[in-house]
Amino acid sequence: MPELPEVQTVVNGLGPYVVGRRVSRVRLERTDVVFPPGTDVVGALIGRLIVALHRRGKKIVFTLDTGDRFVIHLGMSGQLTLDPPDATVPKHTHFVVDFAGLPLQLRFKDPRRFGGIWWHGIDDSVDAALGPEPLSMNWRVLARRLDNTRRSIKTTLLDQTVVAGIGNIYADESLFEARIDPLTPAYELSDEQVRRLTRAIKLILRRAIRAKGSTLRDYRAADGSTGSFQSRHRVYDRAGLPCRTCKTPISRIVLGGRSTHFCATCQRPSYGSRLG
DNA sequence: GTCCATGTTCTTTA
DNA sequence: CTAAAGAACATGGA
């Protein structure tokens with residue numbers, strides 16, 4: 001499910017319920033979703049207070065009263081929801097946490113298991129190697145990071161060490177908004193293009209958060225509801241459909257092994273690029 | 001049976 | 001050596 005807007009929506013939904021709560025019960029249904037392998041998450045969590053919850057990139061960061069932190073990453077199909085304890089526990093639910101005084105339990109379900117639970121010590125930095133947060137990033141910071149790679153801008157935006165939180169949907173949507181050809185080598189973008197791209201990323205991400213994310217299939221907010229931003233996608237998953245701006249059929253190509261959607265007319269190569 | 005999927009990491013290639 | 005491309009991971013839906 002998870003790109004920045006979806007993860008932010010989950011955090012927004014969980015925060016009011018779990019922050020300030022004490023963990024009363026933990027069940028780990030399979031140990032291979034926990035990293036490092038062998039970590040005793042049940043022992044480490046029982047009786048602890050959740051003092052903070054926040055998002056960093058696509059990671060959901062829990063902070064305990066001990067100062068320890070752990071991260072839940074939703075991978076491709078993960079869901080983190082609050083459900084009544086008597087509600088049916090769906091298949092692929094790997095981790096369930098109950099809190100004192102809360103008539104809801106936190107459930108982590110992830111059929112494909114690309115996600116998981118990462119336990120961090122007090123000193124172990126959660127955001128080591130992660131790029132800047134796109135919503136508060138200055139375009140010059142992005143420009144500096146694009147300067148030293150010959151990869152396409154599309155592929156580069158998916159690199160979490162360059163910018164944190166952007167995935168396949170919002171990379172395509174942001175490049176459309178900025179009118180930039182996804183095949184453009186990152187280092188060839190002009191300052192003007194990077195400025196437009198930075199603005200586009202912030203605009204698209206904010207709109208998507210307001211719409212509570214995009215639900216294509218698995219994504220659910222903490223209360224189990226779906227997002228609505230998918231209905232406002234301009235290019236993602238719209239191959240062959242007319243561009244909402246110019247009616248040209250949307251193209252689909254594969255870049256870095258990921259499907260990439262764009263309008264060949266609105267996102268012309270060379271339009272405003274550094275090398276022309 | 002085939003192909004594809006909102007992600008990341010390890011391996012191979014250039 | 002490094003950067004970039006490719007494969008792998010696991011499950012389910014079209």
# chains A, B, ... in the order shown; residues from 1 in each chain; ligands from 1
call {"tool": "residues_around", "arguments": {"residues": "Val96 in chain A", "least_positions_apart": "2", "cutoff": "12 Å", "atoms": "only C-alpha atoms (C1' of nucleotides)", "output": "ChimeraX atom specification"}}
result
/A:23-30,41-42,45-46,79-85,89-90,92-94,98-99,104-109,117
call {"tool": "residues_around", "arguments": {"residues": "Gly213 in chain A", "least_positions_apart": "2", "cutoff": "9 Å", "atoms": "only C-alpha atoms (C1' of nucleotides)", "output": "PDB file with N, CA, C and O atoms, in the first residue's frame"}}
result
ATOM      1  N   PRO A   2       1.987   1.357   0.098  1.00  0.00           N
ATOM      2  CA  PRO A   2       2.556   2.414   0.895  1.00  0.00           C
ATOM      3  C   PRO A   2       3.373   3.411   0.155  1.00  0.00           C
ATOM      4  O   PRO A   2       4.484   3.129  -0.253  1.00  0.00           O
ATOM      5  N   GLU A   3       2.915   4.580  -0.010  1.00  0.00           N
ATOM      6  CA  GLU A   3       3.810   5.677  -0.339  1.00  0.00           C
ATOM      7  C   GLU A   3       3.533   6.734   0.724  1.00  0.00           C
ATOM      8  O   GLU A   3       2.674   6.532   1.584  1.00  0.00           O
ATOM      9  N   LEU A   4       4.241   7.828   0.641  1.00  0.00           N
ATOM     10  CA  LEU A   4       4.140   8.830   1.705  1.00  0.00           C
ATOM     11  C   LEU A   4       2.702   9.201   2.092  1.00  0.00           C
ATOM     12  O   LEU A   4       2.371   9.199   3.283  1.00  0.00           O
ATOM     13  N   PRO A   5       1.817   9.495   1.141  1.00  0.00           N
ATOM     14  CA  PRO A   5       0.466   9.908   1.543  1.00  0.00           C
ATOM     15  C   PRO A   5      -0.311   8.809   2.263  1.00  0.00           C
ATOM     16  O   PRO A   5      -1.058   9.089   3.209  1.00  0.00           O
ATOM     17  N   GLU A   6      -0.116   7.566   1.837  1.00  0.00           N
ATOM     18  CA  GLU A   6      -0.813   6.455   2.476  1.00  0.00           C
ATOM     19  C   GLU A   6      -0.260   6.241   3.887  1.00  0.00           C
ATOM     20  O   GLU A   6      -1.015   6.059   4.848  1.00  0.00           O
ATOM     21  N   VAL A   7       1.066   6.263   4.011  1.00  0.00           N
ATOM     22  CA  VAL A   7       1.684   6.051   5.316  1.00  0.00           C
ATOM     23  C   VAL A   7       1.304   7.188   6.276  1.00  0.00           C
ATOM     24  O   VAL A   7       0.989   6.959   7.439  1.00  0.00           O
ATOM     25  N   GLN A   8       1.288   8.417   5.768  1.00  0.00           N
ATOM     26  CA  GLN A   8       0.893   9.561   6.604  1.00  0.00           C
ATOM     27  C   GLN A   8      -0.552   9.414   7.076  1.00  0.00           C
ATOM     28  O   GLN A   8      -0.872   9.710   8.231  1.00  0.00           O
ATOM     29  N   THR A   9      -1.416   8.915   6.193  1.00  0.00           N
ATOM     30  CA  THR A   9      -2.819   8.729   6.556  1.00  0.00           C
ATOM     31  C   THR A   9      -2.965   7.680   7.659  1.00  0.00           C
ATOM     32  O   THR A   9      -3.749   7.852   8.595  1.00  0.00           O
ATOM     33  N   LEU A 205       1.639  15.413  -3.364  1.00  0.00           N
ATOM     34  CA  LEU A 205       1.627  14.699  -2.085  1.00  0.00           C
ATOM     35  C   LEU A 205       0.599  15.303  -1.138  1.00  0.00           C
ATOM     36  O   LEU A 205      -0.132  14.581  -0.457  1.00  0.00           O
ATOM     37  N   ARG A 207      -2.138  17.015  -1.920  1.00  0.00           N
ATOM     38  CA  ARG A 207      -3.485  16.665  -2.402  1.00  0.00           C
ATOM     39  C   ARG A 207      -3.816  15.217  -2.053  1.00  0.00           C
ATOM     40  O   ARG A 207      -4.942  14.910  -1.676  1.00  0.00           O
ATOM     41  N   ALA A 208      -2.827  14.344  -2.236  1.00  0.00           N
ATOM     42  CA  ALA A 208      -3.065  12.913  -1.978  1.00  0.00           C
ATOM     43  C   ALA A 208      -3.330  12.663  -0.494  1.00  0.00           C
ATOM     44  O   ALA A 208      -4.182  11.850  -0.133  1.00  0.00           O
ATOM     45  N   ILE A 209      -2.596  13.367   0.372  1.00  0.00           N
ATOM     46  CA  ILE A 209      -2.834  13.214   1.815  1.00  0.00           C
ATOM     47  C   ILE A 209      -4.249  13.691   2.144  1.00  0.00           C
ATOM     48  O   ILE A 209      -4.973  13.052   2.907  1.00  0.00           O
ATOM     49  N   ARG A 210      -4.643  14.801   1.539  1.00  0.00           N
ATOM     50  CA  ARG A 210      -5.991  15.325   1.786  1.00  0.00           C
ATOM     51  C   ARG A 210      -7.049  14.307   1.363  1.00  0.00           C
ATOM     52  O   ARG A 210      -8.101  14.189   1.986  1.00  0.00           O
ATOM     53  N   ALA A 211      -6.755  13.539   0.288  1.00  0.00           N
ATOM     54  CA  ALA A 211      -7.700  12.518  -0.200  1.00  0.00           C
ATOM     55  C   ALA A 211      -7.503  11.188   0.525  1.00  0.00           C
ATOM     56  O   ALA A 211      -8.071  10.177   0.147  1.00  0.00           O
ATOM     57  N   THR A 215      -6.141   4.113  -3.085  1.00  0.00           N
ATOM     58  CA  THR A 215      -6.376   2.681  -2.883  1.00  0.00           C
ATOM     59  C   THR A 215      -6.519   2.016  -4.242  1.00  0.00           C
ATOM     60  O   THR A 215      -7.506   2.233  -4.949  1.00  0.00           O
ATOM     61  N   TYR A 219      -4.385  -1.060  -0.053  1.00  0.00           N
ATOM     62  CA  TYR A 219      -4.238   0.007   0.930  1.00  0.00           C
ATOM     63  C   TYR A 219      -5.534   0.335   1.685  1.00  0.00           C
ATOM     64  O   TYR A 219      -6.597   0.507   1.096  1.00  0.00           O
ATOM     65  N   ARG A 220      -5.398   0.410   3.009  1.00  0.00           N
ATOM     66  CA  ARG A 220      -6.485   0.853   3.876  1.00  0.00           C
ATOM     67  C   ARG A 220      -5.922   1.797   4.922  1.00  0.00           C
ATOM     68  O   ARG A 220      -4.788   1.641   5.351  1.00  0.00           O
ATOM     69  N   ALA A 221      -6.718   2.771   5.332  1.00  0.00           N
ATOM     70  CA  ALA A 221      -6.337   3.621   6.456  1.00  0.00           C
ATOM     71  C   ALA A 221      -6.471   2.814   7.746  1.00  0.00           C
ATOM     72  O   ALA A 221      -6.911   1.656   7.723  1.00  0.00           O
ATOM     73  N   THR A 226     -10.897   3.195   2.613  1.00  0.00           N
ATOM     74  CA  THR A 226     -10.040   3.330   1.435  1.00  0.00           C
ATOM     75  C   THR A 226      -9.724   4.809   1.183  1.00  0.00           C
ATOM     76  O   THR A 226     -10.437   5.692   1.663  1.00  0.00           O
ATOM     77  N   GLY A 227      -8.670   5.055   0.438  1.00  0.00           N
ATOM     78  CA  GLY A 227      -8.356   6.410  -0.002  1.00  0.00           C
ATOM     79  C   GLY A 227      -9.162   6.740  -1.242  1.00  0.00           C
ATOM     80  O   GLY A 227      -9.880   5.880  -1.776  1.00  0.00           O
ATOM     81  N   SER A 228      -9.064   7.966  -1.724  1.00  0.00           N
ATOM     82  CA  SER A 228      -9.842   8.342  -2.909  1.00  0.00           C
ATOM     83  C   SER A 228      -8.995   9.013  -3.989  1.00  0.00           C
ATOM     84  O   SER A 228      -9.511   9.394  -5.033  1.00  0.00           O
ATOM     85  N   PHE A 229      -7.681   9.149  -3.747  1.00  0.00           N
ATOM     86  CA  PHE A 229      -6.883   9.902  -4.716  1.00  0.00           C
ATOM     87  C   PHE A 229      -6.738   9.182  -6.057  1.00  0.00           C
ATOM     88  O   PHE A 229      -6.469   9.822  -7.080  1.00  0.00           O
ATOM     89  N   GLN A 230      -6.936   7.849  -6.070  1.00  0.00           N
ATOM     90  CA  GLN A 230      -6.811   7.098  -7.327  1.00  0.00           C
ATOM     91  C   GLN A 230      -7.718   7.658  -8.418  1.00  0.00           C
ATOM     92  O   GLN A 230      -7.394   7.606  -9.596  1.00  0.00           O
TER      93      GLN A 230
END
call {"tool": "interface_residues", "arguments": {"of": "chain C", "to": "chain A", "cutoff": "8 Å", "atoms": "only C-alpha atoms (C1' of nucleotides)", "output": "JSON, numbers by chain"}}
result
{"C": [4, 5, 9, 10, 11]}
call {"tool": "atom_distance", "arguments": {"atom1": "CA of Leu203 in chain A", "atom2": "CA of Ala178 in chain A"}}
result
10.2 Å
call {"tool": "select_by_dssp", "arguments": {"residues": "range 13-112 of chain A", "states": "strand (DSSP E or B)", "output": "number ranges by chain"}}
result
A: 22-28, 34-35, 49-56, 59-64, 69-73, 79-83, 93-99, 105-109
call {"tool": "atom_distance", "arguments": {"atom1": "CA of Asp181 in chain A", "atom2": "CA of Gln267 in chain A"}}
result
4.7 Å
call {"tool": "select_by_dssp", "arguments": {"residues": "range 41-172 of chain A", "states": "alpha helix (DSSP H)", "output": "VMD selection string"}}
result
chain A and resid 41 to 45 139 to 146 153 to 157 168 to 172
call {"tool": "interface_residues", "arguments": {"of": "chain B", "to": "chain A", "cutoff": "8 Å", "atoms": "only C-alpha atoms (C1' of nucleotides)", "output": "list in words"}}
result
DT6, DG7 and DT8 of chain B
call {"tool": "atom_distance", "arguments": {"atom1": "CA of Val11 in chain A", "atom2": "CA of Gly165 in chain A"}}
result
13.8 Å
